[in-house]
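> Below is the file coords-v2.tsv, with TSV, C-alpha atoms and all ligand atoms.
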chain	number	residue	atom	x	y	z
A	1	MET	CA	0.00	0.00	0.00
A	2	LEU	CA	1.23	3.51	0.54
A	3	ILE	CA	3.81	2.32	3.01
A	4	LYS	CA	4.70	-1.30	2.33
A	5	LYS	CA	6.05	-2.24	-1.05
A	6	PRO	CA	6.67	-5.52	-2.80
A	7	THR	CA	10.28	-6.59	-2.63
A	8	ASP	CA	10.77	-6.16	-6.34
A	9	ILE	CA	10.56	-2.37	-6.34
A	10	LYS	CA	13.93	-0.68	-6.65
A	11	SER	CA	14.77	1.48	-3.67
A	12	SER	CA	15.51	4.35	-6.06
A	13	GLU	CA	11.82	4.32	-6.98
A	14	ILE	CA	10.57	4.68	-3.45
A	15	THR	CA	12.73	7.38	-1.94
A	16	ASP	CA	10.23	10.14	-2.53
A	17	GLU	CA	7.52	8.28	-0.78
A	18	LYS	CA	9.73	7.41	2.17
A	19	LEU	CA	10.51	11.08	2.55
A	20	TYR	CA	6.83	11.87	2.32
A	21	ARG	CA	5.97	9.28	4.93
A	22	ASN	CA	8.74	10.27	7.28
A	23	ARG	CA	7.74	13.91	7.07
A	24	ARG	CA	4.07	13.07	7.55
A	25	GLN	CA	4.84	10.63	10.34
A	26	PHE	CA	7.06	13.17	12.07
A	27	MET	CA	4.38	15.84	12.03
A	28	LEU	CA	1.67	13.46	13.17
A	29	THR	CA	3.80	11.74	15.78
A	30	ALA	CA	4.81	15.09	17.22
A	31	SER	CA	1.20	16.08	17.72
A	32	ALA	CA	0.24	12.57	18.85
A	33	ALA	CA	3.02	12.64	21.43
A	34	VAL	CA	1.25	15.44	23.27
A	35	ALA	CA	-2.09	13.64	23.05
A	36	GLY	CA	-0.35	10.33	23.82
A	37	ALA	CA	0.79	11.54	27.22
A	38	VAL	CA	-2.84	12.04	28.18
A	39	ILE	CA	-3.95	8.75	26.61
A	40	THR	CA	-1.27	6.78	28.43
A	41	ALA	CA	-2.13	8.42	31.70
A	42	CYS	CA	-5.82	7.57	31.28
A	43	LYS	CA	-5.28	4.08	29.85
A	44	LYS	CA	-7.41	1.37	31.41
A	45	SER	CA	-5.92	-2.01	32.19
A	46	PRO	CA	-5.50	-4.02	28.99
A	47	PRO	CA	-8.49	-6.05	27.81
A	48	PRO	CA	-8.31	-9.85	27.98
A	49	ASN	CA	-5.88	-11.40	25.60
A	50	VAL	CA	-8.43	-12.89	23.23
A	51	ALA	CA	-5.96	-13.72	20.45
A	52	THR	CA	-4.19	-16.24	22.63
A	53	ALA	CA	-7.44	-17.91	23.74
A	54	PRO	CA	-7.82	-21.40	22.24
A	55	PRO	CA	-9.31	-21.25	18.74
A	56	GLN	CA	-13.08	-21.57	18.78
A	57	LYS	CA	-14.59	-24.00	16.30
A	58	LEU	CA	-17.58	-22.79	14.29
A	59	GLU	CA	-20.44	-25.31	14.25
A	60	GLY	CA	-22.91	-26.07	11.47
A	61	VAL	CA	-20.83	-24.70	8.61
A	62	VAL	CA	-21.95	-25.85	5.16
A	63	LYS	CA	-19.65	-26.12	2.12
A	64	SER	CA	-20.45	-23.64	-0.63
A	65	SER	CA	-20.23	-24.20	-4.36
A	66	PHE	CA	-18.58	-20.77	-4.60
A	67	THR	CA	-15.20	-22.36	-4.03
A	68	VAL	CA	-12.00	-22.52	-6.05
A	69	ASP	CA	-10.16	-25.80	-6.39
A	70	GLU	CA	-6.63	-24.57	-5.64
A	71	PRO	CA	-4.16	-25.47	-2.89
A	72	LEU	CA	-4.98	-23.62	0.31
A	73	ASN	CA	-2.54	-21.40	2.10
A	74	SER	CA	-1.68	-22.61	5.58
A	75	LEU	CA	-3.39	-21.20	8.66
A	76	LYS	CA	0.04	-19.86	9.58
A	77	ASP	CA	0.41	-17.93	6.29
A	78	ILE	CA	-3.07	-16.49	6.63
A	79	THR	CA	-2.69	-15.43	10.26
A	80	THR	CA	0.88	-14.16	10.36
A	81	TYR	CA	1.20	-12.16	7.11
A	82	ASN	CA	-1.42	-9.47	7.46
A	83	ASN	CA	-2.38	-5.93	6.66
A	84	PHE	CA	-4.28	-4.40	9.57
A	85	TYR	CA	-2.76	-0.99	10.04
A	86	GLU	CA	-4.65	-0.36	13.27
A	87	PHE	CA	-2.10	-2.76	14.82
A	88	GLY	CA	1.03	-1.64	12.98
A	89	THR	CA	2.35	-1.49	9.46
A	90	ASP	CA	4.60	-4.56	9.34
A	91	LYS	CA	3.07	-7.78	8.08
A	92	SER	CA	3.85	-9.47	11.41
A	93	ASP	CA	2.41	-6.65	13.58
A	94	PRO	CA	-1.28	-7.67	13.54
A	95	ALA	CA	-0.50	-11.20	14.78
A	96	ALA	CA	1.71	-9.75	17.51
A	97	ASN	CA	-0.56	-6.89	18.58
A	98	ALA	CA	-4.21	-7.65	17.81
A	99	HIS	CA	-4.77	-9.43	21.12
A	100	THR	CA	-5.91	-6.06	22.51
A	101	LEU	CA	-9.01	-6.14	20.33
A	102	VAL	CA	-12.11	-7.12	22.35
A	103	THR	CA	-14.65	-8.81	20.10
A	104	ARG	CA	-17.47	-9.40	22.63
A	105	PRO	CA	-19.74	-7.58	23.15
A	106	TRP	CA	-19.76	-6.22	19.56
A	107	THR	CA	-22.46	-4.56	17.54
A	108	VAL	CA	-22.82	-3.54	13.90
A	109	ALA	CA	-25.08	-0.57	13.22
A	110	VAL	CA	-26.85	-0.83	9.87
A	111	GLU	CA	-28.31	2.55	8.96
A	112	GLY	CA	-28.82	5.29	6.39
A	113	GLU	CA	-31.10	4.83	3.39
A	114	VAL	CA	-32.92	1.74	4.64
A	115	MET	CA	-36.52	1.07	5.68
A	116	LYS	CA	-35.47	-1.03	8.67
A	117	PRO	CA	-32.30	0.34	10.30
A	118	LYS	CA	-31.04	-1.88	13.06
A	119	THR	CA	-28.05	-2.38	15.35
A	120	PHE	CA	-27.20	-6.06	15.26
A	121	ASP	CA	-25.42	-7.90	18.03
A	122	ILE	CA	-22.59	-9.98	16.54
A	123	ASP	CA	-24.08	-13.23	17.85
A	124	GLU	CA	-27.37	-12.40	16.15
A	125	LEU	CA	-25.51	-11.61	12.91
A	126	MET	CA	-23.72	-14.95	13.04
A	127	LYS	CA	-27.14	-16.64	12.93
A	128	LEU	CA	-28.62	-14.42	10.21
A	129	ALA	CA	-28.00	-16.99	7.49
A	130	PRO	CA	-26.34	-20.41	7.30
A	131	LEU	CA	-22.57	-20.09	7.67
A	132	GLU	CA	-20.77	-21.27	4.55
A	133	GLU	CA	-17.18	-22.22	3.90
A	134	ARG	CA	-15.96	-20.56	0.72
A	135	VAL	CA	-12.46	-21.03	-0.60
A	136	TYR	CA	-11.60	-17.77	-2.38
A	137	ARG	CA	-8.52	-16.37	-4.04
A	138	PHE	CA	-7.42	-13.23	-2.15
A	139	ARG	CA	-5.26	-10.77	-4.10
A	140	CYS	CA	-3.60	-7.81	-2.38
A	141	VAL	CA	-2.83	-4.65	-4.35
A	142	GLU	CA	0.81	-5.19	-3.29
A	143	ALA	CA	0.89	-8.16	-5.72
A	144	TRP	CA	0.82	-11.04	-3.27
A	145	SER	CA	-2.02	-13.49	-3.03
A	146	MET	CA	-3.36	-16.41	-1.02
A	147	VAL	CA	-6.14	-18.98	-1.21
A	148	ILE	CA	-8.25	-18.82	1.94
A	149	PRO	CA	-11.12	-20.96	3.30
A	150	TRP	CA	-13.33	-18.17	4.67
A	151	ILE	CA	-16.48	-18.83	6.67
A	152	GLY	CA	-19.30	-16.34	6.37
A	153	PHE	CA	-22.60	-15.51	4.76
A	154	PRO	CA	-23.60	-13.44	1.74
A	155	LEU	CA	-23.67	-9.70	2.45
A	156	ASN	CA	-26.91	-9.58	0.45
A	157	GLU	CA	-28.66	-11.58	3.21
A	158	LEU	CA	-28.09	-8.67	5.57
A	159	ILE	CA	-28.97	-6.06	2.94
A	160	LYS	CA	-32.31	-7.73	2.20
A	161	ARG	CA	-33.21	-7.69	5.92
A	162	VAL	CA	-32.84	-3.90	6.22
A	163	GLU	CA	-34.61	-3.07	2.93
A	164	PRO	CA	-32.63	-0.30	1.18
A	165	THR	CA	-34.70	2.65	-0.07
A	166	SER	CA	-34.62	3.77	-3.72
A	167	LYS	CA	-32.05	6.41	-2.70
A	168	ALA	CA	-29.50	3.79	-1.56
A	169	LYS	CA	-26.87	3.61	-4.31
A	170	TYR	CA	-23.75	2.80	-2.28
A	171	VAL	CA	-22.81	1.08	0.95
A	172	GLN	CA	-20.15	2.47	3.28
A	173	PHE	CA	-18.39	0.27	5.86
A	174	THR	CA	-16.57	1.55	8.94
A	175	THR	CA	-14.03	-0.16	11.22
A	176	LEU	CA	-13.97	0.27	15.00
A	177	LEU	CA	-12.37	3.47	16.24
A	178	ASP	CA	-10.75	2.86	19.63
A	179	ARG	CA	-7.23	4.00	20.40
A	180	ASN	CA	-6.99	1.76	23.43
A	181	GLN	CA	-7.78	-1.40	21.52
A	182	MET	CA	-6.15	-0.38	18.25
A	183	PRO	CA	-2.82	1.20	19.20
A	184	GLU	CA	-1.80	2.54	15.78
A	185	GLN	CA	-4.89	4.76	15.81
A	186	ARG	CA	-2.90	7.04	18.14
A	187	PHE	CA	-0.80	7.97	15.11
A	188	GLY	CA	-1.62	9.49	11.77
A	189	THR	CA	-0.51	6.50	9.70
A	190	LEU	CA	-3.95	6.52	8.03
A	191	GLU	CA	-7.06	8.61	8.48
A	192	TRP	CA	-9.06	6.74	11.13
A	193	PRO	CA	-11.41	4.98	11.28
A	194	TYR	CA	-10.71	2.84	8.20
A	195	VAL	CA	-13.63	3.18	5.77
A	196	GLU	CA	-14.52	1.37	2.56
A	197	GLY	CA	-17.40	1.30	0.12
A	198	LEU	CA	-19.16	-0.64	-2.60
A	199	ARG	CA	-21.83	0.20	-5.12
A	200	LEU	CA	-25.12	-1.34	-3.97
A	201	ASP	CA	-25.19	-3.81	-6.88
A	202	GLU	CA	-21.62	-4.92	-6.05
A	203	ALA	CA	-22.64	-5.39	-2.42
A	204	MET	CA	-25.64	-7.47	-3.52
A	205	HIS	CA	-23.47	-9.78	-5.63
A	206	PRO	CA	-23.55	-13.33	-4.21
A	207	LEU	CA	-19.74	-13.53	-4.10
A	208	ALA	CA	-19.48	-10.66	-1.58
A	209	ILE	CA	-19.54	-12.07	1.94
A	210	LEU	CA	-19.29	-11.00	5.54
A	211	ALA	CA	-16.69	-13.35	7.00
A	212	VAL	CA	-16.76	-14.44	10.64
A	213	GLY	CA	-14.27	-17.28	10.47
A	214	LEU	CA	-11.63	-19.16	8.52
A	215	TYR	CA	-10.30	-22.70	8.54
A	216	GLY	CA	-13.35	-23.88	10.53
A	217	GLN	CA	-12.70	-21.46	13.39
A	218	VAL	CA	-13.81	-18.08	14.62
A	219	LEU	CA	-11.96	-15.31	12.77
A	220	PRO	CA	-8.60	-14.54	14.42
A	221	ASN	CA	-8.30	-10.93	15.54
A	222	GLN	CA	-5.53	-10.17	13.06
A	223	ASN	CA	-7.82	-11.19	10.20
A	224	GLY	CA	-10.54	-8.72	11.17
A	225	ALA	CA	-12.56	-10.26	13.99
A	226	PRO	CA	-15.35	-10.47	14.69
A	227	ILE	CA	-16.70	-9.60	11.24
A	228	ARG	CA	-15.15	-8.34	8.01
A	229	LEU	CA	-15.99	-7.92	4.37
A	230	ILE	CA	-14.58	-10.19	1.66
A	231	VAL	CA	-14.93	-9.09	-1.97
A	232	PRO	CA	-12.84	-11.65	-3.88
A	233	TRP	CA	-12.74	-9.90	-7.27
A	234	LYS	CA	-11.29	-6.72	-5.78
A	235	TYR	CA	-7.89	-5.90	-4.29
A	236	GLY	CA	-7.65	-6.84	-0.62
A	237	PHE	CA	-7.92	-3.30	0.70
A	238	LYS	CA	-11.67	-3.30	-0.10
A	239	SER	CA	-12.07	-6.17	2.37
A	240	ILE	CA	-12.44	-4.00	5.47
A	241	LYS	CA	-11.94	-5.58	8.88
A	242	SER	CA	-13.63	-5.36	12.30
A	243	ILE	CA	-16.75	-3.61	11.00
A	244	VAL	CA	-18.96	-1.60	13.39
A	245	LYS	CA	-21.10	0.34	10.91
A	246	ILE	CA	-22.70	-0.31	7.52
A	247	LYS	CA	-24.39	2.74	6.03
A	248	PHE	CA	-26.49	2.99	2.88
A	249	VAL	CA	-25.92	6.27	1.05
A	250	GLU	CA	-26.88	8.12	-2.09
A	251	SER	CA	-23.45	9.17	-3.38
A	252	GLN	CA	-20.08	7.44	-3.67
A	253	PRO	CA	-18.58	7.32	-0.18
A	254	MET	CA	-15.02	8.16	0.77
A	255	THR	CA	-12.61	5.25	1.17
A	256	THR	CA	-9.44	5.25	3.27
A	257	TRP	CA	-6.87	4.39	0.62
A	258	ASN	CA	-8.43	6.69	-1.93
A	259	LEU	CA	-8.19	9.45	0.65
A	260	MET	CA	-4.53	8.63	1.32
A	261	ALA	CA	-3.38	8.35	-2.33
A	262	ALA	CA	-6.14	8.87	-4.91
A	263	ASP	CA	-3.86	8.29	-7.90
A	264	GLU	CA	-2.88	4.84	-6.61
A	265	TYR	CA	-6.05	3.44	-5.06
A	266	GLY	CA	-9.37	4.03	-6.78
A	267	PHE	CA	-12.88	3.41	-5.52
A	268	TYR	CA	-13.39	0.36	-7.75
A	269	ALA	CA	-10.15	-1.53	-6.97
A	270	ASN	CA	-11.09	-4.39	-9.28
A	271	VAL	CA	-8.21	-6.79	-9.80
A	272	ASN	CA	-7.05	-5.86	-13.29
A	273	PRO	CA	-3.72	-7.14	-14.68
A	274	GLU	CA	-3.97	-4.59	-17.50
A	275	VAL	CA	-3.89	-1.55	-15.24
A	276	SER	CA	-0.55	-1.17	-13.49
A	277	HIS	CA	-0.24	0.41	-10.10
A	278	PRO	CA	1.70	3.67	-10.71
A	279	ARG	CA	4.73	2.07	-9.00
A	280	TRP	CA	4.52	-1.58	-10.10
A	281	SER	CA	2.90	-3.93	-12.59
A	282	GLN	CA	-0.21	-5.86	-11.64
A	283	ALA	CA	0.28	-8.47	-14.40
A	284	SER	CA	1.51	-11.15	-12.00
A	285	GLU	CA	1.43	-11.97	-8.33
A	286	ARG	CA	3.42	-13.73	-5.62
A	287	ARG	CA	1.27	-16.61	-4.40
A	288	LEU	CA	2.47	-16.94	-0.81
A	289	PRO	CA	4.63	-18.51	0.49
A	290	SER	CA	6.48	-18.14	-2.84
A	291	LEU	CA	9.02	-15.35	-3.05
A	292	PHE	CA	8.49	-14.87	-6.77
A	293	LYS	CA	5.82	-13.17	-8.81
A	294	SER	CA	5.30	-16.28	-10.90
A	295	THR	CA	1.49	-16.52	-10.86
A	296	LYS	CA	-0.30	-14.70	-13.66
A	297	THR	CA	-2.93	-12.32	-12.31
A	298	LEU	CA	-6.38	-12.96	-13.71
A	299	MET	CA	-8.94	-10.32	-14.62
A	300	PHE	CA	-11.26	-9.78	-11.65
A	301	ASN	CA	-8.98	-12.21	-9.78
A	302	GLY	CA	-10.42	-15.09	-11.83
A	303	TYR	CA	-14.06	-14.21	-11.09
A	304	ALA	CA	-14.74	-12.49	-14.44
A	305	ASP	CA	-17.49	-14.89	-15.49
A	306	GLN	CA	-19.46	-13.99	-12.40
A	307	VAL	CA	-18.79	-10.24	-12.06
A	308	ALA	CA	-17.75	-8.71	-15.42
A	309	SER	CA	-21.36	-7.77	-16.22
A	310	LEU	CA	-21.38	-5.38	-13.25
A	311	TYR	CA	-18.94	-3.19	-15.16
A	312	SER	CA	-20.25	-3.31	-18.73
A	313	GLY	CA	-19.97	0.12	-20.31
A	314	ILE	CA	-17.51	1.33	-17.66
A	315	ASP	CA	-13.95	2.31	-18.58
A	316	LEU	CA	-11.92	0.23	-16.11
A	317	ARG	CA	-8.79	2.26	-16.81
A	318	LYS	CA	-10.44	5.42	-15.56
A	319	ASN	CA	-12.42	3.60	-12.88
A	320	TYR	CA	-9.47	1.72	-11.40
A	401	LIG	N1	-9.18	-3.22	7.25
A	401	LIG	C1	-8.79	-2.38	8.22
A	401	LIG	N2	-9.66	-1.95	9.11
A	401	LIG	N3	-7.49	-1.94	8.31
A	401	LIG	C2	-6.56	-2.31	7.39
A	401	LIG	O1	-5.39	-1.88	7.49
A	401	LIG	N4	-6.06	-3.58	5.37
A	401	LIG	C3	-6.65	-4.02	4.11
A	401	LIG	C4	-7.79	-5.02	4.35
A	401	LIG	N5	-8.68	-4.54	5.37
A	401	LIG	C5	-6.94	-3.19	6.35
A	401	LIG	C6	-8.29	-3.65	6.33
A	401	LIG	C7	-5.65	-4.62	3.23
A	401	LIG	S1	-4.58	-3.54	2.49
A	401	LIG	C8	-5.61	-5.94	2.96
A	401	LIG	S2	-4.57	-6.57	1.78
A	401	LIG	C9	-6.45	-6.90	3.70
A	401	LIG	O2	-7.23	-6.28	4.71
A	401	LIG	C10	-5.56	-7.96	4.36
A	401	LIG	O3	-6.35	-8.95	4.94
A	401	LIG	P1	-5.62	-10.16	5.71
A	401	LIG	O4	-4.67	-9.56	6.67
A	401	LIG	O5	-6.71	-10.95	6.36
A	401	LIG	O6	-4.90	-10.95	4.63
Starting from the file, give its structure as structure tokens.
Ligand code: MTE


Amino acid sequence: MLIKKPTDIKSSEITDEKLYRNRRQFMLTASAAVAGAVITACKKSPPPNVATAPPQKLEGVVKSSFTVDEPLNSLKDITTYNNFYEFGTDKSDPAANAHTLVTRPWTVAVEGEVMKPKTFDIDELMKLAPLEERVYRFRCVEAWSMVIPWIGFPLNELIKRVEPTSKAKYVQFTTLLDRNQMPEQRFGTLEWPYVEGLRLDEAMHPLAILAVGLYGQVLPNQNGAPIRLIVPWKYGFKSIKSIVKIKFVESQPMTTWNLMAADEYGFYANVNPEVSHPRWSQASERRLPSLFKSTKTLMFNGYADQVASLYSGIDLRKNY
């Protein structure tokens, strides 16, 4: 993303950005340091260490036909190589730090342009529809990818329950904002809280799911517990973690990475090997744990048959 780069980018290409980040970080850290003194002084005792609790098995999960037949990444790959900037910017930071996230009690407010707004308790949401295991390809904009057995339910099941009005054209998702539980939110690494969005028809697509688990177990904190979005035909940054609010709106909502670097991260973020990132090609990807970009990237991450019609008549070079 803005900060982490694939290993194949020459350092000469990234100096400017490092300078930018250092300058930005310096300014933000300086102001956060003042605020931080207060935060530290007021800090409550740390919440229970949920990440180290024994993994909880999810019962009654049915296999879905929306599944790719490709070798799975290991649980270790999936839970130790993460992007979750609220817990740090290194790939290993979320696994090391996300134990401070408290996932019960947890609610998700569903509001905006809907006939039946409602705040759902997470345990109610987990029973909203049968939980399915879906093995999806997951492609990060940084050109690495994995194959992950998610457990969740179609986002459209939730959308149908709240009955969007005719004004609802987009859906905006928001992550928890809590500096005590999410330590990096004390700094200006990103604009907080993390926000993402989809067009309503994208959100209604049967491939888009709300995930609550993986590998048969409750979602580990570092993967976005207790509930996150998974949109397999889009770059990973669309798949927002630890969601507390889902809002139906009339116009295209702001998204975190678009806000941070609009020329690099568009609203659509469809996996498209023909549109390079300004700083690297998207034609191939590093299928973890491989060190090499030897896997050809597929249009819409291989889901073109199912989703291409959503974008007919749209210039995907402009709408990247
Ligand atoms: N959601 C939040 N709240 N914060 C984040 O930093 N990172 C995004 C996405 N969702 C992110 C997030 C990015 S860039 C990616 S690639 C995926 O989460 C990574 O998901 P994973 O760690 O489960 O592989």

> Can you tell me how far atom CA of A:Val162 sits from atom CA of A:Val110, in Å to one decimal?

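Going from atom CA of A:Val162 over to atom CA of A:Val110 covers 7.7 Å.
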
> Box for ligand LIG 401 (chain A): with edges along x, y and z, all listed atoms inside and 8 Å added on each side, what are the centre and edge lengths in Å to one decimal, as JSON?


{"center_x": -7.1, "center_y": -6.4, "center_z": 5.4, "size_x": 21.1, "size_y": 25.1, "size_z": 23.3}

> Mind checking which residues fall within 10 Å of A:Gln185, counting only C-alpha atoms, ignoring those fewer than 5 positions away in the same chain, and posting them as a VMD selection string?

chain A and resid 32 85 to 88 177 to 180 190 to 194

> List all protein, DNA and RNA residues that have an atom no more than 7 Å from any atom of ligand LIG 401 (chain A), counting only C-alpha atoms and all ligand atoms, and report them as a list in words.

Met1, Ile78, Tyr81, Asn82, Asn83, Phe84, Tyr85, Glu86, Cys140, Val141, Thr175, Tyr194, Gln222, Asn223, Gly224, Tyr235, Gly236, Phe237, Lys238, Ser239, Ile240, Lys241 and Ser242 of chain A

> Sort by chain and increasing residue number a table of all residues of stretch 121-191 of chain A within 9 Å of stretch 279-286 of chain A, each with its closest pair of atoms and their distance in Å to one decimal, counting all atoms listed in the file, and write it as CSV.


residue,atom,partner,partner_atom,distance
A:Arg139,CA,A:Glu285,CA,8.0
A:Cys140,CA,A:Glu285,CA,8.8
A:Val141,CA,A:Gln282,CA,7.8
A:Glu142,CA,A:Gln282,CA,8.4
A:Ala143,CA,A:Glu285,CA,4.6
A:Trp144,CA,A:Arg286,CA,4.4
A:Ser145,CA,A:Arg286,CA,6.0
A:Met146,CA,A:Arg286,CA,8.6

> Using all atoms listed in the file, determine which residues lie at most 9 Å from A:Pro55, disregarding the query and same-chain residues fewer than 4 positions distant; provide the list as an MDAnalysis selection string.

chainID A and resid 51 217:220

> What does the distance between atom CA of A:Ala269 and atom CA of A:Lys234 come to in Å, to one decimal place?

5.4 Å

> I'd like the neighbourhood of A:Glu196 as an MDAnalysis selection string, where a residue qualifies if any of its atoms comes within 8 Å (using only C-alpha atoms), though same-chain residues fewer than 3 positions away should be ignored.

chainID A and resid 172:174 238:240 253:256

> Please, which residues are within 12 Å of (-0.8, -18.2, 8.5) by the file's coordinates, counting only C-alpha atoms, and could they come as a compact mmCIF listing (two decimals) with C-alpha atoms, in the coordinates of the input?


# COMPACT_ATOMS: atom_id res chain seq x y z
CA LEU A 72 -4.98 -23.62 0.31
CA ASN A 73 -2.54 -21.40 2.10
CA SER A 74 -1.68 -22.61 5.58
CA LEU A 75 -3.39 -21.20 8.66
CA LYS A 76 0.04 -19.86 9.58
CA ASP A 77 0.41 -17.93 6.29
CA ILE A 78 -3.07 -16.49 6.63
CA THR A 79 -2.69 -15.43 10.26
CA THR A 80 0.88 -14.16 10.36
CA TYR A 81 1.20 -12.16 7.11
CA ASN A 82 -1.42 -9.47 7.46
CA LYS A 91 3.07 -7.78 8.08
CA SER A 92 3.85 -9.47 11.41
CA PRO A 94 -1.28 -7.67 13.54
CA ALA A 95 -0.50 -11.20 14.78
CA MET A 146 -3.36 -16.41 -1.02
CA VAL A 147 -6.14 -18.98 -1.21
CA ILE A 148 -8.25 -18.82 1.94
CA PRO A 149 -11.12 -20.96 3.30
CA LEU A 214 -11.63 -19.16 8.52
CA TYR A 215 -10.30 -22.70 8.54
CA PRO A 220 -8.60 -14.54 14.42
CA GLN A 222 -5.53 -10.17 13.06
CA ASN A 223 -7.82 -11.19 10.20
CA LEU A 288 2.47 -16.94 -0.81
CA PRO A 289 4.63 -18.51 0.49

> Considering all atoms listed in the file, state which residue in the set A:Arg186, A:Arg199, A:Lys247, A:Arg228 is at the smallest distance from A:Ala109.

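Checking each candidate against A:Ala109, we get A:Lys247 as the closest.
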
> To one decimal place in Å, what is the distance between atom CA of A:Gly216 and atom CA of A:Gln181?

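Taking atom CA of A:Gly216 as the start and atom CA of A:Gln181 as the end point, the length is 25.6 Å.
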
> I'd like the contact shell of A:Arg104 - 10 Å cut-off, all atoms listed in the file, skipping same-chain residues fewer than 5 positions apart - returned as a PyMOL selection string.

chain A and resi 50+121-123+225-226

> Go ahead and write the residues just picked, C-alpha atoms, as a PDB file, keeping the file's coordinate frame.


ATOM      1  CA  VAL A  50      -8.430 -12.890  23.230  1.00  0.00           C
ATOM      2  CA  ASP A 121     -25.420  -7.900  18.030  1.00  0.00           C
ATOM      3  CA  ILE A 122     -22.590  -9.980  16.540  1.00  0.00           C
ATOM      4  CA  ASP A 123     -24.080 -13.230  17.850  1.00  0.00           C
ATOM      5  CA  ALA A 225     -12.560 -10.260  13.990  1.00  0.00           C
ATOM      6  CA  PRO A 226     -15.350 -10.470  14.690  1.00  0.00           C
TER       7      PRO A 226
END
